[in-house]
Structure formats: C-alpha cells, structure tokens
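Note: the block below is protein-v3.txt and it holds compact mmCIF, C-alpha atoms.
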# COMPACT_ATOMS: atom_id res chain seq x y z
CA MET A 742 12.55 -28.62 33.13
CA GLU A 743 11.05 -26.90 36.22
CA HIS A 744 7.60 -27.82 37.36
CA ASP A 745 6.49 -25.89 40.40
CA ILE A 746 3.92 -23.41 41.61
CA HIS A 747 6.40 -20.56 41.18
CA ARG A 748 6.51 -20.70 37.39
CA GLU A 749 3.84 -22.82 35.76
CA THR A 750 1.21 -25.50 36.11
CA PRO A 751 2.05 -28.68 38.04
CA LEU A 752 3.60 -31.71 36.36
CA THR A 753 0.94 -34.07 35.03
CA MET A 754 0.93 -37.79 34.39
CA LYS A 755 0.86 -36.98 30.67
CA ASP A 756 4.05 -34.93 31.14
CA LEU A 757 5.72 -37.87 32.87
CA ALA A 758 4.74 -40.24 30.09
CA ARG A 759 6.13 -37.90 27.42
CA MET A 760 9.41 -37.40 29.32
CA LEU A 761 9.84 -41.15 29.83
CA GLY A 762 8.74 -42.13 26.31
CA VAL A 763 5.97 -44.42 27.55
CA SER A 764 2.19 -44.36 27.57
CA VAL A 765 0.11 -42.60 30.22
CA ALA A 766 -1.40 -45.98 31.09
CA THR A 767 2.07 -47.37 31.82
CA VAL A 768 2.85 -44.46 34.14
CA SER A 769 -0.48 -44.84 35.88
CA ARG A 770 0.04 -48.57 36.44
CA ALA A 771 3.58 -48.01 37.72
CA LEU A 772 2.47 -45.38 40.21
CA ARG A 773 -0.28 -47.71 41.41
CA ASP A 774 2.37 -50.46 41.73
CA SER A 775 0.41 -52.68 39.37
CA PRO A 776 1.95 -56.13 38.74
CA SER A 777 0.93 -55.86 35.06
CA ILE A 778 4.34 -54.29 34.35
CA SER A 779 7.74 -55.46 35.58
CA LYS A 780 8.98 -54.51 39.03
CA GLN A 781 12.11 -52.94 37.55
CA ARG A 782 10.04 -50.69 35.28
CA ARG A 783 7.74 -49.75 38.15
CA VAL A 784 10.69 -48.73 40.34
CA GLU A 785 12.24 -46.69 37.51
CA ILE A 786 9.04 -44.74 36.88
CA GLN A 787 8.32 -44.23 40.57
CA ARG A 788 11.86 -42.95 41.17
CA PHE A 789 11.64 -40.60 38.18
CA ALA A 790 8.29 -39.24 39.40
CA SER A 791 9.71 -38.67 42.88
CA GLU A 792 12.80 -36.90 41.55
CA HIS A 793 10.59 -34.54 39.56
CA ASN A 794 8.28 -33.79 42.53
CA PHE A 795 5.27 -35.31 40.81
CA ARG A 796 2.16 -35.41 42.96
CA PRO A 797 -0.92 -37.25 41.73
CA ASN A 798 -4.02 -35.21 41.09
CA ILE A 799 -6.46 -36.61 43.66
CA VAL A 800 -9.42 -34.94 42.00
CA ALA A 801 -8.57 -36.37 38.59
CA GLU A 802 -8.04 -39.78 40.14
CA SER A 803 -11.48 -39.57 41.70
CA LEU A 804 -13.00 -38.67 38.37
CA ARG A 805 -11.27 -41.50 36.55
CA ASN A 806 -12.65 -43.96 39.06
CA SER A 807 -16.17 -42.57 39.09
CA ARG A 808 -19.05 -42.92 36.66
CA ARG A 809 -20.90 -40.11 38.36
CA SER A 810 -20.76 -36.39 37.63
CA PRO A 811 -17.42 -34.64 38.24
CA ILE A 812 -16.43 -34.18 41.86
CA LYS A 813 -15.94 -30.53 42.85
CA VAL A 814 -13.48 -29.98 45.70
CA ILE A 815 -12.68 -26.77 47.62
CA GLY A 816 -9.54 -26.46 49.75
CA VAL A 817 -10.05 -24.72 53.09
CA ILE A 818 -7.25 -23.44 55.35
CA VAL A 819 -8.16 -22.91 59.01
CA PRO A 820 -5.65 -21.27 61.41
CA GLU A 821 -6.96 -23.22 64.42
CA PHE A 822 -9.51 -26.01 64.71
CA VAL A 823 -10.15 -25.41 68.42
CA HIS A 824 -11.11 -21.75 68.01
CA TYR A 825 -14.91 -21.37 68.29
CA TYR A 826 -15.14 -18.71 65.59
CA PHE A 827 -13.20 -20.72 63.00
CA SER A 828 -15.25 -23.83 63.71
CA THR A 829 -18.48 -21.91 63.09
CA VAL A 830 -17.07 -20.42 59.87
CA LEU A 831 -16.15 -23.93 58.71
CA ALA A 832 -19.69 -25.11 59.46
CA GLY A 833 -21.08 -22.32 57.28
CA ILE A 834 -18.68 -23.12 54.44
CA GLU A 835 -19.59 -26.82 54.59
CA ARG A 836 -23.34 -26.13 54.60
CA GLU A 837 -23.24 -23.87 51.54
CA ALA A 838 -20.72 -25.99 49.64
CA SER A 839 -22.59 -29.24 50.27
CA ALA A 840 -25.88 -27.72 49.19
CA ARG A 841 -24.30 -26.77 45.87
CA GLY A 842 -22.59 -30.08 45.19
CA TYR A 843 -19.06 -29.29 46.41
CA ARG A 844 -16.83 -31.18 48.82
CA LEU A 845 -14.20 -29.79 51.15
CA LEU A 846 -10.56 -30.62 51.82
CA VAL A 847 -9.85 -28.96 55.16
CA ALA A 848 -6.42 -28.41 56.69
CA CYS A 849 -5.08 -26.47 59.66
CA SER A 850 -2.10 -24.12 59.40
CA GLY A 851 -1.61 -24.09 63.18
CA GLU A 852 -0.89 -20.33 62.92
CA ASP A 853 2.36 -21.23 61.12
CA GLU A 854 3.44 -19.37 57.97
CA ALA A 855 5.53 -22.23 56.54
CA ARG A 856 2.72 -24.73 57.05
CA GLU A 857 0.27 -22.30 55.45
CA ALA A 858 2.52 -21.92 52.39
CA GLN A 859 2.84 -25.71 52.08
CA LEU A 860 -0.94 -26.12 52.23
CA CYS A 861 -1.36 -23.59 49.42
CA ASP A 862 1.16 -25.56 47.38
CA ASP A 863 -0.52 -28.88 48.15
CA PHE A 864 -4.00 -27.64 47.29
CA TYR A 865 -2.77 -26.10 44.04
CA ARG A 866 -0.92 -29.24 42.96
CA ASN A 867 -3.91 -31.39 43.76
CA ARG A 868 -6.05 -29.12 41.59
CA VAL A 869 -8.78 -28.14 43.98
CA CYS A 870 -11.24 -25.92 42.14
CA GLY A 871 -10.62 -23.04 44.57
CA ILE A 872 -9.18 -22.16 47.98
CA ILE A 873 -10.73 -20.50 51.03
CA ALA A 874 -8.26 -19.26 53.64
CA ALA A 875 -7.77 -17.25 56.81
CA GLN A 876 -4.20 -16.06 57.07
CA SER A 877 -2.02 -17.17 59.99
CA LYS A 878 -1.53 -14.39 62.55
CA HIS A 879 2.24 -14.92 62.20
CA THR A 880 2.35 -14.61 58.40
CA ILE A 881 4.52 -11.73 57.20
CA HIS A 882 5.49 -13.05 53.76
CA TYR A 883 2.74 -13.46 51.19
CA ASP A 884 4.42 -15.09 48.19
CA HIS A 885 2.30 -18.23 48.43
CA PHE A 886 -0.95 -16.26 48.17
CA VAL A 887 0.43 -14.02 45.42
CA ARG A 888 1.40 -17.08 43.37
CA LEU A 889 -2.07 -18.56 43.69
CA SER A 890 -3.54 -15.29 42.44
CA GLN A 891 -1.06 -15.09 39.56
CA ASN A 892 -1.96 -18.64 38.55
CA GLN A 893 -5.69 -17.76 38.42
CA MET A 894 -6.55 -20.06 41.32
CA PRO A 895 -9.89 -18.84 42.75
CA LEU A 896 -9.00 -17.62 46.25
CA VAL A 897 -11.26 -16.09 48.91
CA PHE A 898 -10.19 -14.94 52.37
CA TYR A 899 -12.34 -14.89 55.47
CA ASP A 900 -11.63 -13.03 58.71
CA ARG A 901 -7.89 -12.50 58.09
CA ILE A 902 -7.05 -11.27 54.61
CA CYS A 903 -3.77 -11.02 52.70
CA PRO A 904 -2.72 -7.33 52.39
CA ALA A 905 -0.41 -8.04 49.44
CA ILE A 906 -3.20 -8.58 46.90
CA ASN A 907 -6.58 -7.06 46.14
CA ALA A 908 -8.23 -10.17 47.49
CA HIS A 909 -11.75 -11.49 47.44
CA ARG A 910 -12.86 -11.47 51.05
CA VAL A 911 -15.70 -11.92 53.52
CA VAL A 912 -15.17 -10.27 56.90
CA VAL A 913 -17.17 -9.01 59.83
CA ASP A 914 -17.41 -5.30 60.55
CA ASP A 915 -14.54 -5.34 63.05
CA TYR A 916 -14.29 -1.56 63.26
CA ARG A 917 -17.97 -0.93 63.91
CA GLY A 918 -18.29 -3.87 66.30
CA THR A 919 -15.43 -2.58 68.44
CA PHE A 920 -16.56 1.04 68.19
CA ASN A 921 -20.04 0.14 69.44
CA ALA A 922 -18.72 -2.07 72.25
CA VAL A 923 -16.28 0.54 73.58
CA SER A 924 -18.95 3.24 73.25
CA TYR A 925 -21.25 1.06 75.34
CA LEU A 926 -18.62 0.79 78.08
CA ILE A 927 -18.13 4.56 78.07
CA GLU A 928 -21.88 5.14 78.27
CA ARG A 929 -21.90 2.88 81.34
CA GLY A 930 -19.47 5.24 83.07
CA CYS A 931 -16.08 3.71 82.18
CA ARG A 932 -13.23 6.14 81.52
CA ARG A 933 -10.07 3.98 81.71
CA ILE A 934 -10.72 1.28 79.15
CA ALA A 935 -7.84 -1.11 78.41
CA PHE A 936 -7.51 -2.67 74.98
CA TYR A 937 -6.02 -6.14 74.44
CA GLY A 938 -5.39 -6.67 70.72
CA ALA A 939 -3.65 -8.91 68.19
CA SER A 940 -0.62 -8.31 65.96
CA LEU A 941 -1.08 -5.30 63.70
CA ASN A 942 0.07 -7.25 60.64
CA LEU A 943 -3.55 -8.47 60.60
CA GLU A 944 -6.09 -6.06 59.11
CA ILE A 945 -8.73 -7.15 61.61
CA ALA A 946 -6.40 -6.12 64.46
CA VAL A 947 -5.87 -2.69 62.91
CA ASN A 948 -9.61 -2.22 62.39
CA ARG A 949 -10.43 -3.15 65.98
CA LEU A 950 -7.75 -0.86 67.38
CA ASN A 951 -9.07 1.99 65.23
CA GLY A 952 -12.61 1.31 66.42
CA TYR A 953 -11.42 1.46 70.03
CA LYS A 954 -9.54 4.73 69.55
CA ASP A 955 -12.33 6.40 67.59
CA ALA A 956 -14.90 5.50 70.26
CA LEU A 957 -12.67 7.19 72.85
CA TYR A 958 -12.21 10.28 70.68
CA LYS A 959 -15.94 10.56 70.02
CA HIS A 960 -16.60 10.67 73.76
CA GLY A 961 -13.84 13.17 74.51
CA LEU A 962 -11.32 10.65 75.86
CA ALA A 963 -7.69 10.37 74.76
CA PRO A 964 -6.13 6.92 74.17
CA ASP A 965 -3.46 6.01 76.72
CA ASP A 966 -0.66 3.82 75.34
CA ALA A 967 -0.23 2.28 78.80
CA LEU A 968 -3.68 0.72 78.39
CA ILE A 969 -3.07 -0.77 74.92
CA LYS A 970 -1.44 -4.21 74.96
CA LEU A 971 -0.59 -6.95 72.48
CA CYS A 972 -2.47 -9.83 74.08
CA ASP A 973 -4.71 -12.28 72.21
CA ASN A 974 -4.90 -15.42 74.37
CA ARG A 975 -5.85 -16.43 77.88
CA SER A 976 -2.40 -17.34 79.17
CA ASP A 977 -0.96 -13.95 78.19
CA ALA A 978 -3.99 -12.21 79.67
CA GLU A 979 -3.39 -13.92 83.01
CA LEU A 980 0.25 -12.74 82.93
CA ILE A 981 -0.38 -9.13 81.91
CA THR A 982 -3.63 -8.30 83.72
CA PRO A 983 -2.25 -8.35 87.32
CA MET A 984 0.20 -5.57 86.40
CA MET A 985 -2.60 -3.58 84.79
CA LEU A 986 -4.85 -3.92 87.82
CA GLU A 987 -2.04 -2.90 90.19
CA MET A 988 -1.59 0.44 88.41
CA VAL A 989 -2.31 3.51 90.55
CA ASP A 990 -4.79 4.66 87.94
CA ARG A 991 -5.97 1.18 86.98
CA PRO A 992 -8.43 0.38 84.17
CA ASP A 993 -12.12 0.34 85.02
CA ALA A 994 -12.92 -1.76 81.94
CA PHE A 995 -11.28 -4.07 79.40
CA PHE A 996 -12.04 -4.70 75.76
CA ALA A 997 -10.43 -7.93 74.49
CA VAL A 998 -9.87 -9.04 70.92
CA ASN A 999 -11.52 -12.41 71.60
CA ASP A 1000 -13.50 -14.21 74.29
CA GLU A 1001 -10.61 -16.45 75.35
CA THR A 1002 -8.56 -13.38 76.27
CA ALA A 1003 -11.53 -11.73 77.97
CA ILE A 1004 -12.08 -14.79 80.15
CA GLY A 1005 -8.41 -14.68 81.15
CA ILE A 1006 -9.02 -11.10 82.33
CA LEU A 1007 -12.17 -12.14 84.18
CA TYR A 1008 -10.42 -15.03 85.93
CA THR A 1009 -7.54 -12.79 87.01
CA ALA A 1010 -9.79 -9.99 88.25
CA LYS A 1011 -11.82 -12.40 90.38
CA ARG A 1012 -8.66 -14.00 91.76
CA MET A 1013 -7.44 -10.55 92.78
CA GLY A 1014 -10.68 -9.86 94.64
CA LEU A 1015 -12.30 -7.41 92.22
CA ARG A 1016 -16.05 -7.56 91.72
CA VAL A 1017 -17.25 -7.84 88.12
CA PRO A 1018 -19.10 -5.81 86.87
CA GLU A 1019 -19.38 -3.54 89.94
CA GLU A 1020 -15.68 -2.59 90.02
CA LEU A 1021 -14.55 -3.72 86.58
CA MET A 1022 -16.37 -4.28 83.30
CA ILE A 1023 -15.17 -6.66 80.59
CA CYS A 1024 -16.14 -7.14 76.94
CA GLY A 1025 -14.93 -9.82 74.53
CA PHE A 1026 -15.27 -10.45 70.80
CA SER A 1027 -16.87 -13.57 69.26
CA SER A 1028 -19.78 -14.35 71.58
CA SER A 1029 -18.58 -17.95 71.70
CA ASN A 1030 -19.79 -20.83 73.84
CA GLN A 1031 -17.20 -19.74 76.40
CA ALA A 1032 -19.04 -16.46 76.85
CA THR A 1033 -22.00 -18.23 78.45
CA SER A 1034 -20.02 -20.82 80.42
CA CYS A 1035 -18.23 -18.39 82.76
CA ASP A 1036 -19.52 -16.59 85.85
CA PRO A 1037 -20.63 -13.91 85.31
CA GLN A 1038 -21.42 -14.51 81.67
CA LEU A 1039 -19.36 -12.45 79.26
CA THR A 1040 -20.58 -9.44 77.30
CA SER A 1041 -19.22 -9.92 73.78
CA VAL A 1042 -19.46 -8.83 70.15
CA GLU A 1043 -21.21 -11.52 68.12
CA GLN A 1044 -19.37 -12.28 64.85
CA ASN A 1045 -21.86 -14.69 63.25
CA GLY A 1046 -19.18 -17.02 61.93
CA PHE A 1047 -21.70 -19.34 60.27
CA GLU A 1048 -22.90 -16.53 58.00
CA VAL A 1049 -19.29 -15.55 57.24
CA GLY A 1050 -18.62 -19.14 56.16
CA ARG A 1051 -21.76 -19.34 54.06
CA GLU A 1052 -20.98 -16.06 52.29
CA THR A 1053 -17.35 -17.10 51.72
CA ALA A 1054 -18.39 -20.35 50.06
CA ASP A 1055 -20.92 -18.45 47.95
CA VAL A 1056 -18.21 -16.10 46.65
CA LEU A 1057 -15.74 -18.93 45.95
CA ILE A 1058 -18.33 -20.99 44.05
CA GLY A 1059 -19.36 -17.89 42.12
CA LEU A 1060 -15.76 -17.42 41.01
CA VAL A 1061 -15.38 -21.10 40.10
CA GLU A 1062 -18.62 -21.21 38.10
CA GLY A 1063 -18.06 -17.82 36.46
CA THR A 1064 -21.12 -16.08 37.87
CA LEU A 1065 -18.86 -13.56 39.64
CA PRO A 1066 -16.08 -11.67 37.80
CA ALA A 1067 -12.61 -12.84 38.83
CA ASP A 1068 -11.04 -9.48 38.02
CA HIS A 1069 -13.26 -7.52 40.41
CA ALA A 1070 -12.52 -8.21 44.08
CA GLN A 1071 -15.61 -9.32 45.96
CA LYS A 1072 -15.73 -7.65 49.38
CA ARG A 1073 -18.59 -8.68 51.63
CA ILE A 1074 -19.12 -7.52 55.20
CA VAL A 1075 -21.18 -9.41 57.79
CA ARG A 1076 -22.65 -7.23 60.51
CA THR A 1077 -21.75 -7.68 64.17
CA ARG A 1078 -23.99 -7.34 67.24
CA LEU A 1079 -23.13 -6.53 70.84
CA VAL A 1080 -24.59 -9.14 73.22
CA THR A 1081 -24.69 -7.75 76.75
CA ARG A 1082 -24.36 -10.16 79.66
CA GLY A 1083 -23.13 -10.19 83.25
CA THR A 1084 -19.65 -8.63 82.87
CA THR A 1085 -21.16 -5.22 82.14
CA ARG A 1086 -23.82 -3.36 84.06
Show this structure as structure tokens.
Amino acid sequence: MEHDIHRETPLTMKDLARMLGVSVATVSRALRDSPSISKQRRVEIQRFASEHNFRPNIVAESLRNSRRSPIKVIGVIVPEFVHYYFSTVLAGIEREASARGYRLLVACSGEDEAREAQLCDDFYRNRVCGIIAAQSKHTIHYDHFVRLSQNQMPLVFYDRICPAINAHRVVVDDYRGTFNAVSYLIERGCRRIAFYGASLNLEIAVNRLNGYKDALYKHGLAPDDALIKLCDNRSDAELITPMMLEMVDRPDAFFAVNDETAIGILYTAKRMGLRVPEELMICGFSSSNQATSCDPQLTSVEQNGFEVGRETADVLIGLVEGTLPADHAQKRIVRTRLVTRGTTR
C-alpha cells in the first residue's frame, strides 16, 4: 500500500493500527515509547511506522492533549528570513492570523527548490489547515504545488506565485511600481537607464521588466539590451556595475529589482568617484530599512509588505473557513508608492 502526497491522504495512526491488527491506543503508546506495553512490541510498531513513512499529525496530537477549542495552524514558507520584505510580509501574516485565532508554522526554503518541495510535503503530512508560500527564485518544477492543489489543500501565494496553477495570490503592483519609477527617472532627465532584474521564471521579474520597457517606450526611448542585466543581489551588483560604468555610453541611472542590489550599485559608483545623484541616479524596490541607512538615502518603490501579509492571511483563512470559494482564484493587488530620497534629484 502506498501512502504519500502523490496519490492520497497521509497514513494515519488508525491506518497503522488496522495494518498491525492492534488498537489505536496501542500504536499511540508505542510511538510515545510508553512502558505500559513491552519493549519488544514498542520496537516492532516503531519500526513498522518508520518503514511506512508514518509521520505523526502534530495538530491532532495537540488537540488530543488539549481541553480547549481546536488549534488552527497555518504553514508559511519564506524564501529568506533575512530579506526585509519577507520579514514584513511575515509580520502581516502573523498579525492577521493571530487576531483570528490561528497559529503559524514558519519555515525557510533558503531559495532551494528541493527544500521547498520537502516543506510542502511536511506541512501536508502534518495537516496544517492551509499553506502560504512565496516560491523560491530557483524553482523550475512545480509538482509539489500542483499536488497540494490537487489534494484540496488551501494554498495562497504572496509575491512569487506558481505559474503552473491558477493560484490564489496576493501581490504588489510590480508593473505599475516599476513603470512609475522609471518614468520618474526619465522626467528627471535620464536617458540611459540600466535595469538590474531577477530570473524571468518569476512572474514578478517579468512584470518589472515589462514596466521598465513600457516606461521607455512611452517616453520615446528604445530599450538597449546592453543595459539589461540579471542581477538581484549586492555582491553581483558590485561585480557587474564597474563594467557598466566604464562603458563609453555609460548609464546615467539604474533601476534595481531590490534595495540590496541598488545599494551595491551606489557603493560601487561612489568608490569609482561618481557623484550621486548629480552624475548618476539610482532607484531600488522595497523601501526597506537599508534605503534610509545609506548615504545618500535611496529612492525606492515601497511594497508595503505588512499589508501583503495581512491580505494573504485573510485570503487563506477565508478559504479554510469557506467564506471564499476555493474554485475561484482570489487575486489581490496591493498598491506600490515611489518614495523619493537622496539618490535622485
């Protein structure tokens, strides 16, 4: 008998008891290593459970040991804990969930597809009531998300969504935020605007690139492939930017996919003797704490991660409680705002 996420619901303690020909209470005692049954019997049951990939239902265990109302647990997958935006999203999720009587199980994928898939499996087997996730930027296979959807697990994406399913999602207006920011740079006299973006397997990266290009087109400027780079972190920005600034027809402005990358550009430009914003303007995306801790302070698109998190939790809880239809994808957009600071004039 197969018991995995691929084909059916996870193996339960009741299943184990039936397969072994013993009571559920006996299985429970054996798995808790209770001395009320013989050591030999305990070892036999524990070995059998391990061989059949049984994982205890932590939610059910909590309920069995509680006289209070049922505990409601949401699984949350975060690509990076250290990223300002994801931390603010998590704060919004926690605030909304807590206010409505839900608890969180939070885990980090570390931008790793295999780890992300394992977390989906773990959350499903442990019977969380729903899952909130932002896809890893390196994920190119989506079977783990498809399986969750096929098994009617409530699933809501924030920021980075899975393109393989018509997913419930809460995102910021990446296209409009980028379009407005690049338009602002053009209106300030910039004509050679470089774009540092993320992998195009992410919808947010595609939307931001399209916003950049459309802003150029609207103002009569043609995109130059030499100015468009795959670069979404500070270390890469510090490697690539010197070559960009040594071009004969160098950029007069940069738009970066996040603040970390933008600060890498700023650091490099200053090290090379360029004055910001007099000779070079820079805009980031996030409006994180980093944006106000550099000199000059960074102009950036504010994402409002807290509101994204709050809205995401609201959608997930609506799906769990049946106040939102599961068969109609919820798609909410949180507005962005350009915050101008010292890296633009």
Give one line per residue of range 814-844 of chain A that approaches range 867-870 of chain A to at most 9 Å, naming the two atoms of the closest pair and their distance in Å to one decimal, counting all atoms listed in the file; sort by chain then ascending residue number and deliver it as a tab-separated table.
residue	atom	partner	partner_atom	distance
A:Val814	CA	A:Val869	CA	5.3
A:Ile815	CA	A:Val869	CA	5.5
A:Gly816	CA	A:Val869	CA	6.1
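Excluding Gly930 in chain A itself and any same-chain residue fewer than 3 positions from it, the protein and nucleic acid residues within 12 Å of it, counting all atoms listed in the file, are Val923, Ser924, Tyr925, Leu926, Ile927, Arg933, Ile934, His960, Asp993, Ala994, Pro1018, Glu1019, Glu1020, Leu1021, Met1022, Thr1085 and Arg1086 of chain A.
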Save out the residues we just selected, C-alpha atoms, as a CSV table (one decimal), in the frame of the given file.
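What follows is the written file result02.csv:
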chain,number,residue,atom,x,y,z
A,923,VAL,CA,-16.3,0.5,73.6
A,924,SER,CA,-19.0,3.2,73.2
A,925,TYR,CA,-21.2,1.1,75.3
A,926,LEU,CA,-18.6,0.8,78.1
A,927,ILE,CA,-18.1,4.6,78.1
A,933,ARG,CA,-10.1,4.0,81.7
A,934,ILE,CA,-10.7,1.3,79.2
A,960,HIS,CA,-16.6,10.7,73.8
A,993,ASP,CA,-12.1,0.3,85.0
A,994,ALA,CA,-12.9,-1.8,81.9
A,1018,PRO,CA,-19.1,-5.8,86.9
A,1019,GLU,CA,-19.4,-3.5,89.9
A,1020,GLU,CA,-15.7,-2.6,90.0
A,1021,LEU,CA,-14.6,-3.7,86.6
A,1022,MET,CA,-16.4,-4.3,83.3
A,1085,THR,CA,-21.2,-5.2,82.1
A,1086,ARG,CA,-23.8,-3.4,84.1
Using all atoms of range 1053-1070 of chain A that appear in the file, construct an axis-aligned enclosing box with 6 Å of padding on every side and provide its centre coordinates and edge lengths in Å, rounded to one decimal, as JSON.
{"center_x": -16.1, "center_y": -14.4, "center_z": 44.1, "size_x": 22.1, "size_y": 25.7, "size_z": 27.3}
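Using only C-alpha atoms for every distance, the candidate list A:Val947, A:Ala832, A:Leu1015, A:Ile778 yields A:Ala832 as the residue closest to Ala1054 in chain A.
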Surrounding residues of Glu821 in chain A excluding itself and chain neighbours under 2 positions, 8 Å, all atoms listed in the file, as a compact mmCIF listing (two decimals) with C-alpha atoms, keeping the file's coordinate frame:
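File produced: selection06.txt:
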# COMPACT_ATOMS: atom_id res chain seq x y z
CA VAL A 819 -8.16 -22.91 59.01
CA VAL A 823 -10.15 -25.41 68.42
CA HIS A 824 -11.11 -21.75 68.01
CA PHE A 827 -13.20 -20.72 63.00
CA CYS A 849 -5.08 -26.47 59.66
CA SER A 850 -2.10 -24.12 59.40
CA GLY A 851 -1.61 -24.09 63.18
CA GLU A 852 -0.89 -20.33 62.92
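Put simply, CA of Glu792 in chain A is 22.5 Å away from CA of His885 in chain A.
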Checklist entry - At most 12 Å from (-28.0, -20.0, 46.7), file frame, only C-alpha atoms: which residues, as number ranges by chain? => result A: 836-842, 1051-1052, 1054-1056, 1058-1059, 1064
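Distance-wise, CA of Phe936 in chain A and CA of Thr1033 in chain A end up 21.5 Å apart.
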